[in-house]
Amino acid sequence: MTTLQCLLGLLDRRVPAERRAWLDSARAEIGRGIEDERFCVLFSLASRFAPRAPLAPDAAERARAAQALAGWNPERWSILDAFRAVLVLSRSDLSTPSAARAIEELFRYADMGELCAAYKLLALVPQAERFVWRAGEGARSSMKAVYESACCDTPFPARYFDDIAWRQALIKALFVEAPLWRVWNVDARLDEELARMALDLADERRSAGRPVNPETWMCLGTHGGARAQSSIERELVHGPARGRAGAALALARAGRRDKLLSASAVESDPFVKQVMGSALDGAHDSVAFHALDQSTSGVC
Amino acid sequence: MRFFDPHIHMISRTTDDYEAMSKAGIRAVIEPAFWIGQPRTTVGSFVDYFSQILGWERFRASQFGIAHYSAIGMNSKEANNEPLARDVIALLERFVLKEGVVAVGEIGYDEISAAEERAYIAQLRLAVKHDMVVMVHSPHRDKKRGILRSMEVASECGQPMSKLVIDHNNEETVKDVLDAGAWAAFTIYPHTKMGSERMVEIVKKYGPERIIVDSSADWGLSDPLSVPKTAALMLERGVTREWVERVTWHNALEAYAQSGQIDVAALEGSLAIDQRAVFGENSVLRGQAPRVDLDELAK
C-alpha cells in the first residue's frame, strides 16, 4: 500500500461525499498538470472544503501508515493535513524538478497551517532528500507547531539530515519543549558529540537554577563516559520526579542495570518507581520516554 | 467586556502592547496590509510582509489569547509605484484565499491618483471574484471626495455595499457612508483622526447601526487600547452597554464574518491562553514564567 492509498483510505471513512467530490476534482486537475500558482491556490482552498477535525487514525490505521512508510505516524494529523498531502501526492510528475519547484512554491507562500501540512507530507514525497534544506528550515522554527511538523512523527530527520542538522534538531526539541520521543529513530543516530551537547545543556540549566528537560537524558545512550554517569546520578539524587525517571531510563540505556536496581530500591515516588521497573524489564528505547510526557503522564 | 479591534498593525507593536490589550479585554484583531512607513522597492518585500502577517504575527497574537485575522492588499500609497504595484497585485490571489484572511484591504485612495484607481479597481475585481469583504482606507487629504469616489467605484465594480467597510471616517463623512449601506469604521487616534470624545457624540447621534470603532495603531503615535478606552468613555457618558458592545465587538464581527474565515462560535467562547503549549524560549517568552490563562483579567 502506498502512502497515497493509505491517506485516501483514511479519508474514505471520514469525509462526506460533497467534500470528497471537491478533493477528487482537485486531484484530477492536479494529475493533468497545472501551473504552480493554481497548485498553490488549491493547496490554500483545501481549508474551505476539508472537515475541521483531527484525522484521529486508530491503532490499525497507524500500523498501516507505518507499513507504507517506516517512521510515518499520522496520529496528530488533521483531516485538512491529509487533504493537502493527497493533493501533493496526486501530481503525476512527483520525481521531476517541476514538482520540486512547485512544492518549494507551497512553502514560499504558505500560511502557518499550510506550512505545517507541507512539512508533515514532505517525507511522503519520492526522493524526499531533495527537500533536506527546506526541512532544516522547519527544524529551526521557534513556532512549536512548525518544528513538530518537520521533526516529529516523520522519518525525515533520521533519514535525511546530516549529523549537524540532526543533532541541532534534537537539541532544538528540548528548547521548544517538543516531544523528543516523537522524533523517529533517535536511538539509531546517537553519538559522542550529541551526548556532549546534551551534557553541556544540562550543566547550563543547572547553573541557571533551572530544571533539566527530562528528555535531555535520551541523548546520551551509551555515550558521554564518566561525565554522563555523574550528571545522571546527580539528577537521580536532586532531580524532580520526571527528571529522576528520565535519568533512570538513561541508566538503563547505558547498560548500568546495577545502579538502576539500587536507585529503584530507594525510590519512593510510585511514578518514578514504575518507570524504573519498566526500564529494568527492557522498556528503555527512545519511545519509552513517552512515559515522561507531561501532557499524558500528568506528573510534574 | 470583550473587544474586537478590526484595524491594527501589530507587526509594529511590542509584547507589552499585546499584554495590555489582552488585559483590557481585546480578544480579536484584524491586521490589514498597509505600507510600513516608507516605500518598499521589490515585490519580495511584499511576499515576506504578507507571510509575516499570516504567520509569525498570528502566532505572536495567539500567545496572548488574541485571535489574529488579516486583510491582504496593495495599499494606496505604494500603488503609485505602478510597475511594483502590478507585480504585487499579480500575486495577491496567492494570499487572499488563506485561512483567516477576512478581507481585501486596506485599499483605496491616498492622493486619489489614476495609478491608485487602477490598483483599487484591480483589487475590487479580485474581491468580487472571490466574494470577499473589502476594507477601504480613506485619504487624509480630500477625505470626503475620496470616500465618495471609493464607494462609487466599488459599486461600479459590483462590490455589494454590505461587504464594504470604509475606514477612518469623521463627522463629515459618516452620513454618506451609512446612507450608501456600507459599514462606517472610525479610527481613534490620540491627536489626529478621531478622538474618543467625538466618537461618543457620533454614536449618540447616529446610533450603533453599522458603526465600527478601531485603533489603526501602527508605528506612529497611536494607541492600541483606543477601542476599550473609547468604550469606557461611552459608558461613562451614558451610551448603553448594548450599543457599546455593538460598535466595539458585534458589528466588526458581523461585517468580517461574512468572509467565512472567522469561527464565530469559537471566538464567542472562551479563548484559553497556553503559552506553555506553543512557546519556545528563543521566541517571545525568553525565560519568564509562561502565563496560562488571562481570562479572569479580561472580564
# chains A, B, ... in the order shown; residues from 1 in each chain; ligands from 1
call {"tool": "residues_around", "arguments": {"residues": "Ala198 in chain A", "least_positions_apart": "5", "cutoff": "12 Å", "atoms": "only C-alpha atoms", "output": "ChimeraX atom specification"}}
result
/A:167-168,170-175,190-193,203-205,212-221,223-224,227-228,231-232
call {"tool": "residues_around", "arguments": {"residues": "range 270-281 of chain A", "least_positions_apart": "5", "cutoff": "7 Å", "atoms": "only C-alpha atoms", "output": "count of residues only"}}
result
7
call {"tool": "interface_residues", "arguments": {"of": "chain A", "to": "chain B", "cutoff": "10 Å", "atoms": "only C-alpha atoms", "output": "JSON, numbers by chain"}}
result
{"A": [37, 38, 39, 40, 41, 42, 43, 44, 45, 46, 47, 48, 106, 108, 109, 110, 111, 112, 113, 114, 115, 141, 142, 143, 144, 145, 146, 147, 172, 173, 174, 175, 176, 177, 178, 210, 295]}
call {"tool": "atom_distance", "arguments": {"atom1": "CA of Arg32 in chain A", "atom2": "CA of Ser98 in chain A"}}
result
13.6 Å
call {"tool": "residues_around", "arguments": {"residues": "Val136 in chain B", "least_positions_apart": "4", "cutoff": "8 Å", "atoms": "only C-alpha atoms", "output": "PDB file with N, CA and C atoms, in the first residue's frame"}}
result
ATOM      1  N   GLY B 105      -7.689  44.268   1.651  1.00  0.00           N
ATOM      2  CA  GLY B 105      -7.542  45.571   2.283  1.00  0.00           C
ATOM      3  C   GLY B 105      -6.159  45.763   2.878  1.00  0.00           C
ATOM      4  N   GLU B 106      -5.870  46.963   3.428  1.00  0.00           N
ATOM      5  CA  GLU B 106      -6.680  48.120   3.204  1.00  0.00           C
ATOM      6  C   GLU B 106      -6.266  48.734   1.878  1.00  0.00           C
ATOM      7  N   ILE B 107      -7.267  49.001   1.058  1.00  0.00           N
ATOM      8  CA  ILE B 107      -7.017  49.522  -0.282  1.00  0.00           C
ATOM      9  C   ILE B 107      -7.842  50.800  -0.463  1.00  0.00           C
ATOM     10  N   GLY B 108      -7.663  51.472  -1.583  1.00  0.00           N
ATOM     11  CA  GLY B 108      -8.423  52.700  -1.809  1.00  0.00           C
ATOM     12  C   GLY B 108      -7.543  53.822  -2.318  1.00  0.00           C
ATOM     13  N   SER B 150     -14.525  56.240  -3.583  1.00  0.00           N
ATOM     14  CA  SER B 150     -14.231  54.826  -3.324  1.00  0.00           C
ATOM     15  C   SER B 150     -15.523  54.007  -3.286  1.00  0.00           C
ATOM     16  N   LEU B 164     -18.602  46.149   2.199  1.00  0.00           N
ATOM     17  CA  LEU B 164     -17.652  47.244   2.039  1.00  0.00           C
ATOM     18  C   LEU B 164     -17.521  47.990   3.368  1.00  0.00           C
ATOM     19  N   VAL B 165     -16.312  48.044   3.903  1.00  0.00           N
ATOM     20  CA  VAL B 165     -16.064  48.785   5.136  1.00  0.00           C
ATOM     21  C   VAL B 165     -15.212  49.995   4.778  1.00  0.00           C
ATOM     22  N   ILE B 166     -15.754  51.186   5.032  1.00  0.00           N
ATOM     23  CA  ILE B 166     -14.991  52.419   4.790  1.00  0.00           C
ATOM     24  C   ILE B 166     -14.383  52.854   6.113  1.00  0.00           C
ATOM     25  N   ASP B 167     -13.055  52.980   6.141  1.00  0.00           N
ATOM     26  CA  ASP B 167     -12.393  53.283   7.414  1.00  0.00           C
ATOM     27  C   ASP B 167     -11.957  54.750   7.493  1.00  0.00           C
TER      28      ASP B 167
END
call {"tool": "atom_distance", "arguments": {"atom1": "CA of Val213 in chain B", "atom2": "CA of Ala182 in chain B"}}
result
14.5 Å
call {"tool": "closest_residue", "arguments": {"among": "B:Tyr256, B:Tyr109, B:Trp35, B:Trp249", "to": "Pro208 in chain B", "atoms": "only C-alpha atoms"}}
result
B:Trp249
call {"tool": "residues_around", "arguments": {"residues": "Ala123 in chain A", "least_positions_apart": "4", "cutoff": "12 Å", "atoms": "only C-alpha atoms", "output": "ChimeraX atom specification"}}
result
/A:3,68-74,85,88-89,117-119,127-132,134-135,149-161
call {"tool": "atom_distance", "arguments": {"atom1": "CA of Ala33 in chain B", "atom2": "CA of His7 in chain B"}}
result
9.9 Å
call {"tool": "closest_residue", "arguments": {"among": "B:Ile262, B:Val174, B:Cys157, B:Ile188", "to": "Ile202 in chain B", "atoms": "only C-alpha atoms"}}
result
B:Val174
call {"tool": "closest_atom_pairs", "arguments": {"of": "range 26-59 of chain A", "to": "range 6-13 of chain A", "cutoff": "10 Å", "atoms": "only C-alpha atoms", "output": "tab-separated table"}}
result
residue	atom	partner	partner_atom	distance
A:Ala50	CA	A:Leu11	CA	10.0
A:Leu55	CA	A:Leu10	CA	7.8
A:Ala56	CA	A:Leu10	CA	9.3
A:Pro57	CA	A:Leu10	CA	7.3
A:Asp58	CA	A:Leu10	CA	9.8
call {"tool": "write_last_selection", "arguments": {"atoms": "C-alpha atoms", "output": "CSV table (one decimal), in the first residue's frame"}}
result
chain,number,residue,atom,x,y,z
A,50,ALA,CA,-11.8,19.8,4.5
A,55,LEU,CA,-7.7,12.7,11.4
A,56,ALA,CA,-7.5,10.6,14.6
A,57,PRO,CA,-6.4,7.3,13.0
A,58,ASP,CA,-6.9,4.2,15.1
call {"tool": "select_by_dssp", "arguments": {"residues": "range 15-222 of chain B", "states": "helix (DSSP H, G or I)", "output": "short mmCIF file (atom, residue, chain, number, x, y, z; two decimals) with C-alpha atoms, in the first residue's frame"}}
result
data_model
loop_
_atom_site.label_atom_id
_atom_site.label_comp_id
_atom_site.auth_asym_id
_atom_site.auth_seq_id
_atom_site.Cartn_x
_atom_site.Cartn_y
_atom_site.Cartn_z
CA THR B 15 4.68 42.24 23.50
CA ASP B 16 3.93 44.84 26.21
CA ASP B 17 1.17 46.09 23.94
CA TYR B 18 -0.15 42.58 23.45
CA GLU B 19 -0.17 42.07 27.19
CA ALA B 20 -2.00 45.34 27.82
CA MET B 21 -4.51 44.60 25.05
CA SER B 22 -5.20 41.17 26.45
CA LYS B 23 -5.70 42.57 29.95
CA VAL B 43 7.94 42.56 -4.79
CA GLY B 44 9.76 40.12 -2.49
CA SER B 45 9.35 42.58 0.37
CA PHE B 46 5.59 42.24 -0.03
CA VAL B 47 5.73 38.44 -0.15
CA ASP B 48 7.61 38.40 3.15
CA TYR B 49 5.35 41.06 4.64
CA PHE B 50 2.17 39.16 3.80
CA SER B 51 3.77 35.95 5.09
CA GLN B 52 4.75 37.63 8.32
CA ILE B 53 1.22 38.88 8.92
CA LEU B 54 -0.20 35.42 8.25
CA TRP B 56 4.64 34.84 12.89
CA GLU B 57 2.31 37.73 13.82
CA ARG B 58 -0.71 35.45 14.13
CA PHE B 59 1.38 33.12 16.26
CA ARG B 60 2.54 36.01 18.45
CA ALA B 61 -1.04 37.17 18.99
CA SER B 62 -2.14 33.66 19.91
CA GLU B 78 2.60 52.32 -2.84
CA ALA B 79 0.10 51.80 -5.66
CA ASN B 80 1.69 54.94 -7.10
CA GLU B 82 2.94 51.24 -10.81
CA PRO B 83 5.49 48.67 -12.02
CA LEU B 84 5.85 47.37 -8.47
CA ALA B 85 2.09 47.56 -7.80
CA ARG B 86 1.37 45.43 -10.89
CA ASP B 87 3.74 42.72 -9.66
CA VAL B 88 2.24 42.76 -6.18
CA ILE B 89 -1.35 42.68 -7.40
CA ALA B 90 -0.47 39.75 -9.68
CA GLU B 93 -4.54 35.71 -5.22
CA ARG B 94 -1.91 33.52 -3.57
CA PHE B 95 -2.59 35.29 -0.27
CA VAL B 96 -6.22 36.39 -0.14
CA ALA B 114 -5.04 57.50 -11.63
CA ALA B 115 -2.48 54.88 -10.60
CA GLU B 116 -4.24 54.41 -7.25
CA GLU B 117 -7.53 53.98 -9.02
CA ARG B 118 -6.14 51.31 -11.34
CA ALA B 119 -4.79 49.36 -8.38
CA TYR B 120 -8.06 49.81 -6.49
CA ILE B 121 -10.17 48.55 -9.38
CA ALA B 122 -7.93 45.52 -9.98
CA GLN B 123 -8.29 44.56 -6.34
CA LEU B 124 -12.04 45.17 -6.26
CA ARG B 125 -12.30 42.71 -9.15
CA LEU B 126 -10.34 40.16 -7.14
CA ALA B 127 -12.69 40.69 -4.19
CA VAL B 128 -15.79 40.32 -6.37
CA LYS B 129 -14.37 37.17 -7.97
CA LYS B 143 -11.17 62.76 2.57
CA LYS B 144 -14.80 63.35 1.69
CA ARG B 145 -14.26 63.23 -2.04
CA GLY B 146 -12.02 60.18 -1.61
CA ILE B 147 -14.70 58.32 0.31
CA LEU B 148 -17.47 59.15 -2.13
CA ARG B 149 -15.29 58.08 -5.03
CA SER B 150 -14.23 54.83 -3.32
CA MET B 151 -17.88 53.86 -2.78
CA GLU B 152 -18.86 54.80 -6.31
CA VAL B 153 -16.03 52.81 -7.91
CA ALA B 154 -16.66 49.82 -5.64
CA SER B 155 -20.28 49.87 -6.66
CA GLU B 156 -19.39 50.06 -10.36
CA MET B 161 -22.18 47.69 -0.03
CA SER B 162 -22.87 45.13 2.70
CA LYS B 163 -19.34 43.85 2.13
CA VAL B 174 -20.31 59.25 8.26
CA LYS B 175 -23.75 60.08 6.89
CA ASP B 176 -22.82 59.43 3.27
CA VAL B 177 -21.30 56.05 4.16
CA LEU B 178 -24.25 54.93 6.25
CA ASP B 179 -26.73 56.16 3.63
CA ALA B 180 -24.89 54.15 0.97
CA SER B 196 -12.78 59.29 21.89
CA GLU B 197 -14.97 62.27 22.89
CA ARG B 198 -16.00 62.93 19.30
CA MET B 199 -16.68 59.23 18.83
CA VAL B 200 -19.11 59.26 21.76
CA GLU B 201 -21.05 62.07 20.12
CA ILE B 202 -21.19 60.26 16.78
CA VAL B 203 -22.62 57.12 18.35
CA LYS B 204 -25.14 59.19 20.28
CA LYS B 205 -26.20 60.93 17.08
CA TYR B 206 -26.23 58.05 14.60
#
call {"tool": "select_by_dssp", "arguments": {"residues": "range 9-119 of chain B", "states": "strand (DSSP E)", "output": "VMD selection string"}}
result
chain B and resid 26 to 32 67 to 72 101 to 108
call {"tool": "residues_around", "arguments": {"residues": "Arg141 in chain B", "least_positions_apart": "2", "cutoff": "8 Å", "atoms": "only C-alpha atoms", "output": "CSV table (one decimal) with N, CA and C atoms, in the first residue's frame"}}
result
chain,number,residue,atom,x,y,z
B,110,ASP,N,-5.1,57.4,-1.7
B,110,ASP,CA,-4.3,58.3,-0.9
B,110,ASP,C,-4.3,59.7,-1.5
B,111,GLU,N,-3.8,59.8,-2.7
B,111,GLU,CA,-3.8,61.1,-3.4
B,111,GLU,C,-4.9,61.2,-4.4
B,139,PRO,N,-8.5,58.6,2.4
B,139,PRO,CA,-7.3,59.5,2.4
B,139,PRO,C,-7.4,60.6,3.5
B,143,LYS,N,-10.6,64.0,2.1
B,143,LYS,CA,-11.2,62.8,2.6
B,143,LYS,C,-12.6,62.5,2.0
